[in-house]
>>> print(open('start.txt').read())   # compact mmCIF, C-alpha atoms
# COMPACT_ATOMS: atom_id res chain seq x y z
CA MET T 1 -23.10 -46.58 22.24
CA TRP T 2 -21.31 -49.66 20.95
CA LEU T 3 -24.43 -51.11 19.42
CA TRP T 4 -24.05 -49.27 16.12
CA PHE T 5 -20.45 -50.39 15.99
CA TYR T 6 -21.37 -54.06 16.33
CA GLN T 7 -24.16 -53.66 13.82
CA LEU T 8 -21.85 -51.98 11.36
CA ALA T 9 -19.27 -54.70 11.82
CA SER T 10 -21.79 -57.47 11.17
CA PRO T 11 -21.30 -58.58 7.56
CA PRO T 12 -24.96 -58.54 6.41
CA HIS T 13 -25.43 -55.03 7.79
CA ALA T 14 -22.19 -53.75 6.33
CA TYR T 15 -22.98 -55.33 2.97
CA ARG T 16 -26.33 -53.55 2.79
CA LEU T 17 -25.07 -50.21 4.15
CA LEU T 18 -22.11 -50.03 1.78
CA GLY T 19 -24.49 -50.52 -1.12
CA LEU T 20 -26.66 -47.66 0.16
CA TRP T 21 -23.73 -45.30 0.76
CA ARG T 22 -22.02 -45.81 -2.57
CA PRO T 23 -24.12 -43.52 -4.82
CA TRP T 24 -23.81 -40.73 -2.24
CA LEU T 25 -20.05 -40.91 -2.65
CA LEU T 26 -19.80 -41.62 -6.37
CA TRP T 27 -22.00 -38.87 -7.84
CA PRO T 28 -20.69 -35.99 -5.71
CA ALA T 29 -17.17 -37.23 -6.54
CA ILE T 30 -17.84 -37.07 -10.27
CA ALA T 31 -19.49 -33.65 -10.01
CA LEU T 32 -16.57 -32.29 -7.98
CA MET T 33 -14.10 -33.75 -10.45
CA VAL T 34 -15.74 -31.89 -13.33
CA ILE T 35 -15.71 -28.64 -11.33
CA GLY T 36 -12.14 -29.15 -10.15
CA VAL T 37 -10.76 -30.00 -13.58
CA TYR T 38 -12.51 -27.00 -15.12
CA GLY T 39 -11.10 -24.79 -12.37
CA GLY T 40 -7.62 -26.24 -12.74
CA LEU T 41 -7.38 -26.25 -16.53
CA VAL T 42 -9.42 -23.20 -17.47
CA MET T 43 -9.96 -20.81 -14.58
CA ALA T 44 -6.64 -20.95 -12.74
CA PRO T 45 -4.04 -18.58 -14.21
CA ALA T 46 -0.77 -20.01 -15.53
CA ASP T 47 2.04 -20.06 -12.98
CA TYR T 48 4.63 -17.32 -13.47
CA GLN T 49 7.52 -19.78 -13.29
CA GLN T 50 6.10 -23.12 -14.35
CA LYS T 51 3.61 -21.69 -16.86
CA ASP T 52 0.88 -24.19 -17.83
CA ALA T 53 2.90 -27.24 -16.74
CA PHE T 54 1.94 -26.42 -13.15
CA ARG T 55 -1.60 -27.62 -14.00
CA ILE T 56 -0.28 -31.16 -13.57
CA ILE T 57 -0.42 -30.62 -9.80
CA TYR T 58 -4.22 -30.84 -9.93
CA VAL T 59 -3.95 -34.55 -10.67
CA HIS T 60 -0.56 -35.19 -9.08
CA VAL T 61 -1.19 -33.83 -5.58
CA PRO T 62 -4.57 -35.56 -5.00
CA SER T 63 -3.08 -38.87 -6.25
CA ALA T 64 -0.07 -38.52 -3.97
CA SER T 65 -2.25 -37.52 -1.00
CA LEU T 66 -4.52 -40.49 -1.56
CA SER T 67 -1.54 -42.85 -1.86
CA LEU T 68 -0.63 -41.93 1.73
CA MET T 69 -4.16 -41.66 3.15
CA VAL T 70 -5.12 -45.06 1.74
CA TYR T 71 -2.00 -46.63 3.24
CA VAL T 72 -2.80 -45.21 6.69
CA MET T 73 -6.38 -46.44 6.37
CA MET T 74 -5.15 -49.87 5.30
CA ALA T 75 -2.73 -50.10 8.25
CA VAL T 76 -5.35 -48.91 10.77
CA ALA T 77 -7.93 -51.37 9.41
CA ALA T 78 -5.34 -54.17 9.49
CA ALA T 79 -4.47 -53.30 13.12
CA ILE T 80 -8.15 -53.28 14.14
CA GLY T 81 -8.59 -56.63 12.40
CA LEU T 82 -5.56 -58.08 14.15
CA ILE T 83 -6.37 -56.75 17.64
CA TRP T 84 -10.16 -57.22 17.75
CA ARG T 85 -10.28 -60.09 15.26
CA MET T 86 -12.81 -58.21 13.22
CA LYS T 87 -13.38 -59.77 9.81
CA LEU T 88 -14.80 -56.60 8.28
CA ALA T 89 -11.65 -54.63 9.16
CA HIS T 90 -9.52 -57.17 7.34
CA ALA T 91 -11.87 -56.94 4.36
CA VAL T 92 -11.37 -53.15 4.33
CA ALA T 93 -7.58 -53.48 4.53
CA ALA T 94 -7.48 -56.00 1.70
CA SER T 95 -9.70 -53.75 -0.44
CA CYS T 96 -7.51 -50.68 0.13
CA ALA T 97 -4.31 -52.21 -1.24
CA PRO T 98 -4.91 -52.27 -5.02
CA LEU T 99 -6.52 -48.81 -4.94
CA GLY T 100 -3.65 -47.34 -2.95
CA ALA T 101 -1.16 -48.95 -5.30
CA TRP T 102 -2.83 -47.31 -8.30
CA PHE T 103 -2.83 -43.90 -6.64
CA THR T 104 0.89 -44.39 -5.94
CA VAL T 105 1.52 -45.28 -9.58
CA LEU T 106 -0.38 -42.16 -10.65
CA ALA T 107 1.60 -39.97 -8.25
CA LEU T 108 4.90 -41.39 -9.54
CA VAL T 109 4.01 -41.21 -13.22
CA THR T 110 2.43 -37.73 -13.19
CA GLY T 111 5.32 -36.49 -11.06
CA SER T 112 7.76 -37.96 -13.53
CA ILE T 113 5.98 -36.34 -16.49
CA TRP T 114 6.06 -33.02 -14.65
CA GLY T 115 9.73 -33.54 -13.76
CA LYS T 116 10.87 -33.88 -17.36
CA PRO T 117 10.18 -30.25 -18.44
CA MET T 118 10.72 -28.75 -14.97
CA TRP T 119 13.76 -30.57 -13.63
CA GLY T 120 15.04 -31.86 -16.95
CA THR T 121 14.82 -35.48 -15.84
CA TRP T 122 12.15 -38.19 -15.60
CA TRP T 123 13.59 -39.62 -12.42
CA GLU T 124 15.96 -38.63 -9.66
CA TRP T 125 16.90 -40.70 -6.58
CA ASP T 126 15.53 -37.96 -4.40
CA PRO T 127 14.18 -38.68 -0.86
CA ARG T 128 10.55 -37.89 -1.77
CA LEU T 129 10.61 -39.89 -4.99
CA THR T 130 12.48 -42.82 -3.46
CA SER T 131 10.20 -43.07 -0.42
CA GLU T 132 7.12 -42.89 -2.68
CA LEU T 133 8.57 -45.74 -4.74
CA ILE T 134 9.06 -47.73 -1.52
CA LEU T 135 5.39 -47.05 -0.77
CA LEU T 136 4.50 -48.70 -4.08
CA PHE T 137 6.64 -51.72 -3.18
CA LEU T 138 4.90 -51.94 0.21
CA TYR T 139 1.50 -52.08 -1.49
CA LEU T 140 2.74 -54.66 -4.01
CA GLY T 141 4.40 -56.69 -1.24
CA TYR T 142 1.17 -56.61 0.77
CA MET T 143 -0.82 -57.90 -2.20
CA ALA T 144 1.77 -60.55 -3.09
CA LEU T 145 1.84 -61.77 0.52
CA ARG T 146 -1.97 -62.04 0.61
CA ALA T 147 -1.98 -63.92 -2.68
CA SER T 148 0.52 -66.46 -1.34
CA PHE T 149 -1.98 -67.86 1.20
CA ASP T 150 -4.93 -70.05 0.31
CA ASP T 151 -6.53 -69.50 3.69
CA ILE T 152 -8.07 -66.01 4.00
CA GLN T 153 -7.63 -65.82 7.78
CA ARG T 154 -3.92 -66.57 7.59
CA ALA T 155 -3.52 -64.14 4.70
CA ASP T 156 -5.28 -61.47 6.81
CA ARG T 157 -3.00 -61.93 9.81
CA ALA T 158 0.29 -62.12 7.94
CA SER T 159 -0.45 -59.20 5.62
CA ALA T 160 -1.74 -57.09 8.54
CA ILE T 161 1.69 -57.25 10.16
CA LEU T 162 3.35 -56.11 6.94
CA ALA T 163 0.87 -53.24 6.59
CA ILE T 164 1.45 -52.08 10.18
CA VAL T 165 5.25 -52.25 9.95
CA GLY T 166 5.22 -50.43 6.61
CA VAL T 167 3.38 -47.45 8.09
CA VAL T 168 6.75 -46.03 9.23
CA ASN T 169 7.30 -45.11 5.59
CA VAL T 170 4.30 -42.74 5.56
CA PRO T 171 5.85 -39.92 7.65
CA ILE T 172 9.07 -40.39 5.70
CA VAL T 173 7.23 -39.68 2.44
CA LYS T 174 5.29 -36.80 3.98
CA TYR T 175 8.19 -34.99 5.64
CA SER T 176 10.99 -35.97 3.27
CA VAL T 177 10.83 -32.56 1.60
CA GLU T 178 11.39 -30.85 4.95
CA TRP T 179 13.90 -33.24 6.54
CA TRP T 180 16.26 -33.49 3.62
CA ASN T 181 17.37 -31.08 0.98
CA SER T 182 15.09 -32.50 -1.65
CA LEU T 183 14.71 -31.62 -5.30
CA HIS T 184 10.97 -31.94 -4.82
CA GLN T 185 9.31 -28.67 -3.88
CA GLY T 186 7.91 -28.19 -0.39
CA PRO T 187 4.19 -28.30 0.42
CA SER T 188 2.12 -25.53 -1.15
CA ILE T 189 -0.97 -26.00 0.96
CA SER T 190 -1.11 -26.33 4.71
CA VAL T 191 -3.80 -26.88 7.30
CA THR T 192 -2.05 -24.91 10.02
CA SER T 193 -0.61 -21.93 8.18
CA LYS T 194 -1.42 -19.76 5.20
CA SER T 195 -1.09 -21.57 1.87
CA ALA T 196 1.83 -20.66 -0.33
CA ILE T 197 -0.31 -20.44 -3.46
CA ALA T 198 -3.01 -18.01 -4.56
CA GLY T 199 -6.70 -18.70 -3.93
CA SER T 200 -7.56 -18.92 -7.62
CA MET T 201 -4.99 -21.69 -7.94
CA VAL T 202 -5.69 -23.49 -4.69
CA TRP T 203 -9.47 -24.00 -4.75
CA PRO T 204 -9.45 -26.45 -7.70
CA LEU T 205 -6.79 -28.44 -5.87
CA LEU T 206 -8.90 -28.70 -2.72
CA VAL T 207 -12.01 -29.57 -4.76
CA LEU T 208 -10.12 -32.31 -6.60
CA LEU T 209 -8.64 -33.63 -3.37
CA LEU T 210 -12.15 -33.99 -1.92
CA ALA T 211 -13.34 -35.53 -5.20
CA PHE T 212 -10.56 -38.14 -5.09
CA VAL T 213 -11.39 -39.01 -1.47
CA LEU T 214 -15.09 -39.49 -2.27
CA TYR T 215 -14.30 -41.42 -5.44
CA PHE T 216 -11.97 -43.72 -3.52
CA GLY T 217 -14.75 -44.22 -0.94
CA ALA T 218 -17.23 -45.17 -3.65
CA ILE T 219 -14.89 -47.77 -5.15
CA LEU T 220 -13.98 -49.04 -1.68
CA CYS T 221 -17.70 -49.71 -1.01
CA ASN T 222 -17.83 -52.07 -3.98
CA ARG T 223 -14.57 -53.78 -3.17
CA VAL T 224 -15.44 -54.33 0.49
CA ARG T 225 -18.81 -55.77 -0.57
CA GLY T 226 -16.96 -58.17 -2.86
CA GLU T 227 -14.64 -59.16 -0.02
CA ILE T 228 -17.62 -59.72 2.30
CA LEU T 229 -19.20 -62.09 -0.24
CA LEU T 230 -15.94 -64.01 -0.50
CA ARG T 231 -15.54 -64.32 3.27
CA GLU T 232 -19.19 -65.11 4.01
CA ARG T 233 -19.70 -67.64 1.23
CA ASN T 234 -20.78 -70.41 3.60
CA THR T 235 -23.25 -68.42 5.67
CA ALA T 236 -27.01 -68.69 5.74
CA TRP T 237 -27.73 -64.95 5.33
CA LEU T 238 -25.80 -64.82 2.10
CA ALA T 239 -27.53 -67.90 0.67
CA GLU T 240 -30.92 -66.40 1.56
CA SER T 241 -30.26 -62.95 0.14
CA SER T 242 -28.66 -64.43 -3.00
CA LEU T 243 -31.71 -66.59 -3.70
CA LYS T 244 -34.04 -63.63 -3.24
CA SER T 245 -32.26 -61.38 -5.71
CA MET S 1 -8.58 -17.71 -24.85
CA ASN S 2 -9.45 -19.86 -27.87
CA LEU S 3 -9.54 -23.63 -28.09
CA SER S 4 -6.25 -24.22 -29.88
CA GLU S 5 -4.48 -22.00 -27.38
CA PHE S 6 -6.09 -23.98 -24.58
CA LEU S 7 -5.06 -27.30 -26.11
CA HIS S 8 -1.54 -25.98 -26.66
CA MET S 9 -1.07 -25.43 -22.88
CA GLY S 10 1.68 -22.89 -23.43
CA GLY S 11 3.86 -25.51 -25.12
CA TYR S 12 3.43 -28.09 -22.36
CA ALA S 13 0.55 -29.89 -24.08
CA PRO S 14 2.15 -33.39 -24.23
CA TYR S 15 3.01 -33.26 -20.53
CA VAL S 16 -0.25 -31.79 -19.25
CA TRP S 17 -2.60 -33.86 -21.40
CA SER S 18 -0.77 -37.13 -20.85
CA CYS S 19 -1.05 -36.60 -17.07
CA TYR S 20 -4.77 -35.86 -17.21
CA GLY S 21 -5.37 -38.70 -19.67
CA LEU S 22 -3.49 -41.28 -17.60
CA THR S 23 -5.25 -40.18 -14.44
CA ALA S 24 -8.65 -40.49 -16.14
CA ILE S 25 -7.80 -43.96 -17.46
CA VAL S 26 -6.63 -45.21 -14.06
CA LEU S 27 -9.62 -43.72 -12.20
CA VAL S 28 -12.14 -45.20 -14.64
CA GLY S 29 -10.25 -48.50 -14.61
CA MET S 30 -10.36 -48.71 -10.81
CA GLU S 31 -14.12 -48.13 -10.81
CA TRP S 32 -14.65 -50.68 -13.59
CA ALA S 33 -12.51 -53.32 -11.85
CA GLY S 34 -14.38 -52.75 -8.58
CA ARG S 35 -17.76 -53.21 -10.26
CA ARG S 36 -16.61 -56.32 -12.07
CA GLN S 37 -15.17 -57.89 -8.92
CA LEU S 38 -18.46 -57.34 -7.08
CA GLN S 39 -20.55 -58.67 -9.99
CA LEU S 40 -18.48 -61.85 -10.20
CA ALA S 41 -18.71 -62.35 -6.43
CA GLN S 42 -22.50 -61.85 -6.56
CA GLU S 43 -22.89 -64.36 -9.39
CA LYS S 44 -20.76 -66.88 -7.54
CA ALA S 45 -22.79 -66.43 -4.36
CA ARG S 46 -26.03 -66.89 -6.32
CA ARG S 47 -24.81 -70.10 -7.96
CA ARG S 48 -23.65 -71.45 -4.60
CA ALA S 49 -26.98 -70.63 -3.00
CA GLN S 50 -28.93 -72.32 -5.81
CA MET S 51 -26.72 -75.40 -5.57
CA GLY S 52 -27.27 -75.49 -1.82
CA ALA S 53 -31.04 -75.20 -2.27
CA GLN S 54 -31.08 -78.02 -4.84
CA MET S 55 -29.05 -80.26 -2.58
CA ALA S 56 -31.42 -79.59 0.30
CA VAL S 57 -34.36 -80.62 -1.91
CA ALA S 58 -32.53 -83.77 -3.05
CA GLU S 59 -31.87 -84.82 0.54
CA ASN S 60 -35.41 -84.15 1.78
CA PRO S 61 -37.84 -84.59 -1.10
CA SER S 62 -41.15 -83.69 0.46
>>> encode(input="start.txt", output="structure tokens")
Amino acid sequence: MWLWFYQLASPPHAYRLLGLWRPWLLWPAIALMVIGVYGGLVMAPADYQQKDAFRIIYVHVPSASLSLMVYVMMAVAAAIGLIWRMKLAHAVAASCAPLGAWFTVLALVTGSIWGKPMWGTWWEWDPRLTSELILLFLYLGYMALRASFDDIQRADRASAILAIVGVVNVPIVKYSVEWWNSLHQGPSISVTSKSAIAGSMVWPLLVLLLAFVLYFGAILCNRVRGEILLRERNTAWLAESSLKS
Amino acid sequence: MNLSEFLHMGGYAPYVWSCYGLTAIVLVGMEWAGRRQLQLAQEKARRRAQMGAQMAVAENPS
């Protein structure tokens, strides 16, 4: 049962597999994005309160969701790398950080642009907004810490601890709108109960969320492959395969 | 619904379109940066491998 796991974790295997997987993530992601954007901008009716400004949620919510999902993935990968000393896991964690940081920036900026006409302000020191900003600083801190080491192994270990400690911020972001009396609206979609928004409005959101996840996966494939090349630069398999290509 | 009405977004055009535009730029930029990083790493690995092969020949000319 563990054989596939060891094979997957071996750098040459992972390098090849990630290259094979990537198109299967990228093209469906792009197709779903086109469908989702068409659904969100054209087919969904305007909101009765927020009018057409509500269409911003179709890019805001997937970005914000990804900013959290990517952080959790980064922390889990960092923990696996730290506990089982698995190089590939560290490569995944390191690759997640810049992508997660960009999703966080998108969530903050699109939220801010939505906030101006809806709340009358670009920024408010609200629990949801503040904790999302802290998330951005965690990503940036993680990347800065990695960059401060010359030795990759030491960078992996030190940054892994930061990633794991920072994961406490994730539930704070997620539940801030329920724990505190926040200006930010509560969740509109839910896995466990009926969604608070109509079907014609919700399906583009779910399509775009899936599209963002697949798109992130496709980019992650490339970035992890790049990290593998960096970490394996002195190995025989890499020299052989590089000479062949 | 006609095109100008669609582009107008009920008066929220600057907000809606700037959000979609920024998101598109960042998503495309992430993909581009990922490709570039991998390409550079591949080129570097190729150069290293060629250098290694040349050195091996120089040490054992046979």
>>> atom_distance(input="start.txt", atom1="atom CA of S:Met9", atom2="atom CA of T:Gly186")
24.4 Å
>>> closest_residue(input="start.txt", among="T:Leu99, T:Ala155, T:Leu162, T:Leu206", to="chain S", atoms="all atoms listed in the file")
T:Leu99
>>> atom_distance(input="start.txt", atom1="atom CA of T:Ser182", atom2="atom CA of T:Gly111")
14.1 Å
>>> interface_residues(input="start.txt", of="chain T", to="chain S", cutoff="8 Å", atoms="all atoms listed in the file", output="list in words")
Val42, Lys51, Asp52, Ala53, Arg55, Ile56, Val59, Leu99, Trp102, Leu106, Val109, Thr110, Ile113, Trp114, Ile219, Leu220, Asn222, Arg223, Arg225, Gly226, Leu229, Leu230, Arg233, Leu238, Ala239, Glu240, Ser242 and Leu243 of chain T
>>> write_last_selection(input="start.txt", atoms="C-alpha atoms", output="PDB file, in the coordinates of the input")
ATOM      1  CA  VAL T  42      -9.420 -23.200 -17.470  1.00  0.00           C
ATOM      2  CA  LYS T  51       3.610 -21.690 -16.860  1.00  0.00           C
ATOM      3  CA  ASP T  52       0.880 -24.190 -17.830  1.00  0.00           C
ATOM      4  CA  ALA T  53       2.900 -27.240 -16.740  1.00  0.00           C
ATOM      5  CA  ARG T  55      -1.600 -27.620 -14.000  1.00  0.00           C
ATOM      6  CA  ILE T  56      -0.280 -31.160 -13.570  1.00  0.00           C
ATOM      7  CA  VAL T  59      -3.950 -34.550 -10.670  1.00  0.00           C
ATOM      8  CA  LEU T  99      -6.520 -48.810  -4.940  1.00  0.00           C
ATOM      9  CA  TRP T 102      -2.830 -47.310  -8.300  1.00  0.00           C
ATOM     10  CA  LEU T 106      -0.380 -42.160 -10.650  1.00  0.00           C
ATOM     11  CA  VAL T 109       4.010 -41.210 -13.220  1.00  0.00           C
ATOM     12  CA  THR T 110       2.430 -37.730 -13.190  1.00  0.00           C
ATOM     13  CA  ILE T 113       5.980 -36.340 -16.490  1.00  0.00           C
ATOM     14  CA  TRP T 114       6.060 -33.020 -14.650  1.00  0.00           C
ATOM     15  CA  ILE T 219     -14.890 -47.770  -5.150  1.00  0.00           C
ATOM     16  CA  LEU T 220     -13.980 -49.040  -1.680  1.00  0.00           C
ATOM     17  CA  ASN T 222     -17.830 -52.070  -3.980  1.00  0.00           C
ATOM     18  CA  ARG T 223     -14.570 -53.780  -3.170  1.00  0.00           C
ATOM     19  CA  ARG T 225     -18.810 -55.770  -0.570  1.00  0.00           C
ATOM     20  CA  GLY T 226     -16.960 -58.170  -2.860  1.00  0.00           C
ATOM     21  CA  LEU T 229     -19.200 -62.090  -0.240  1.00  0.00           C
ATOM     22  CA  LEU T 230     -15.940 -64.010  -0.500  1.00  0.00           C
ATOM     23  CA  ARG T 233     -19.700 -67.640   1.230  1.00  0.00           C
ATOM     24  CA  LEU T 238     -25.800 -64.820   2.100  1.00  0.00           C
ATOM     25  CA  ALA T 239     -27.530 -67.900   0.670  1.00  0.00           C
ATOM     26  CA  GLU T 240     -30.920 -66.400   1.560  1.00  0.00           C
ATOM     27  CA  SER T 242     -28.660 -64.430  -3.000  1.00  0.00           C
ATOM     28  CA  LEU T 243     -31.710 -66.590  -3.700  1.00  0.00           C
TER      29      LEU T 243
END
>>> residues_around(input="start.txt", residues="T:Leu68", least_positions_apart="5", cutoff="10 Å", atoms="all atoms listed in the file", output="PyMOL selection string")
chain T and resi 63+73-74+100-101+103-104+132+135+167+169-171+173-174
>>> closest_residue(input="start.txt", among="T:Ser159, T:Ser65, T:Thr235, T:Ser148", to="T:Ala97", atoms="all atoms listed in the file")
T:Ser159
>>> atom_distance(input="start.txt", atom1="atom CA of S:Val57", atom2="atom CA of T:Tyr15")
28.2 Å
>>> residues_near_point(input="start.txt", point="(4.9, -23.4, -6.9)", cutoff="9 Å", atoms="all atoms listed in the file", output="list in words")
Asp47, Tyr48, Gln49, Gln50, Phe54, Gln185, Gly186, Pro187, Ser188, Ala196 and Ile197 of chain T
>>> residues_around(input="start.txt", residues="T:Leu214", least_positions_apart="6", cutoff="7 Å", atoms="all atoms listed in the file", output="ChimeraX atom specification")
/T:25-26,29
>>> residues_around(input="start.txt", residues="T:Leu66", least_positions_apart="4", cutoff="9 Å", atoms="all atoms listed in the file", output="list in words")
Val61, Pro62, Val70, Tyr71, Gly100, Phe103, Thr104, Leu209, Phe212, Val213 and Phe216 of chain T
>>> write_last_selection(input="start.txt", atoms="C-alpha atoms", output="mmCIF file, in the frame of the given file")
data_model
loop_
_atom_site.group_PDB
_atom_site.id
_atom_site.type_symbol
_atom_site.label_atom_id
_atom_site.label_comp_id
_atom_site.auth_asym_id
_atom_site.auth_seq_id
_atom_site.Cartn_x
_atom_site.Cartn_y
_atom_site.Cartn_z
ATOM 1 C CA VAL T 61 -1.190 -33.830 -5.580
ATOM 2 C CA PRO T 62 -4.570 -35.560 -5.000
ATOM 3 C CA VAL T 70 -5.120 -45.060 1.740
ATOM 4 C CA TYR T 71 -2.000 -46.630 3.240
ATOM 5 C CA GLY T 100 -3.650 -47.340 -2.950
ATOM 6 C CA PHE T 103 -2.830 -43.900 -6.640
ATOM 7 C CA THR T 104 0.890 -44.390 -5.940
ATOM 8 C CA LEU T 209 -8.640 -33.630 -3.370
ATOM 9 C CA PHE T 212 -10.560 -38.140 -5.090
ATOM 10 C CA VAL T 213 -11.390 -39.010 -1.470
ATOM 11 C CA PHE T 216 -11.970 -43.720 -3.520
#
>>> residues_around(input="start.txt", residues="T:Leu129", least_positions_apart="4", cutoff="10 Å", atoms="all atoms listed in the file", output="count of residues only")
16
>>> closest_residue(input="start.txt", among="T:Ala89, T:Cys96, T:Ile228, T:Cys221", to="T:Pro23", atoms="only C-alpha atoms")
T:Cys221
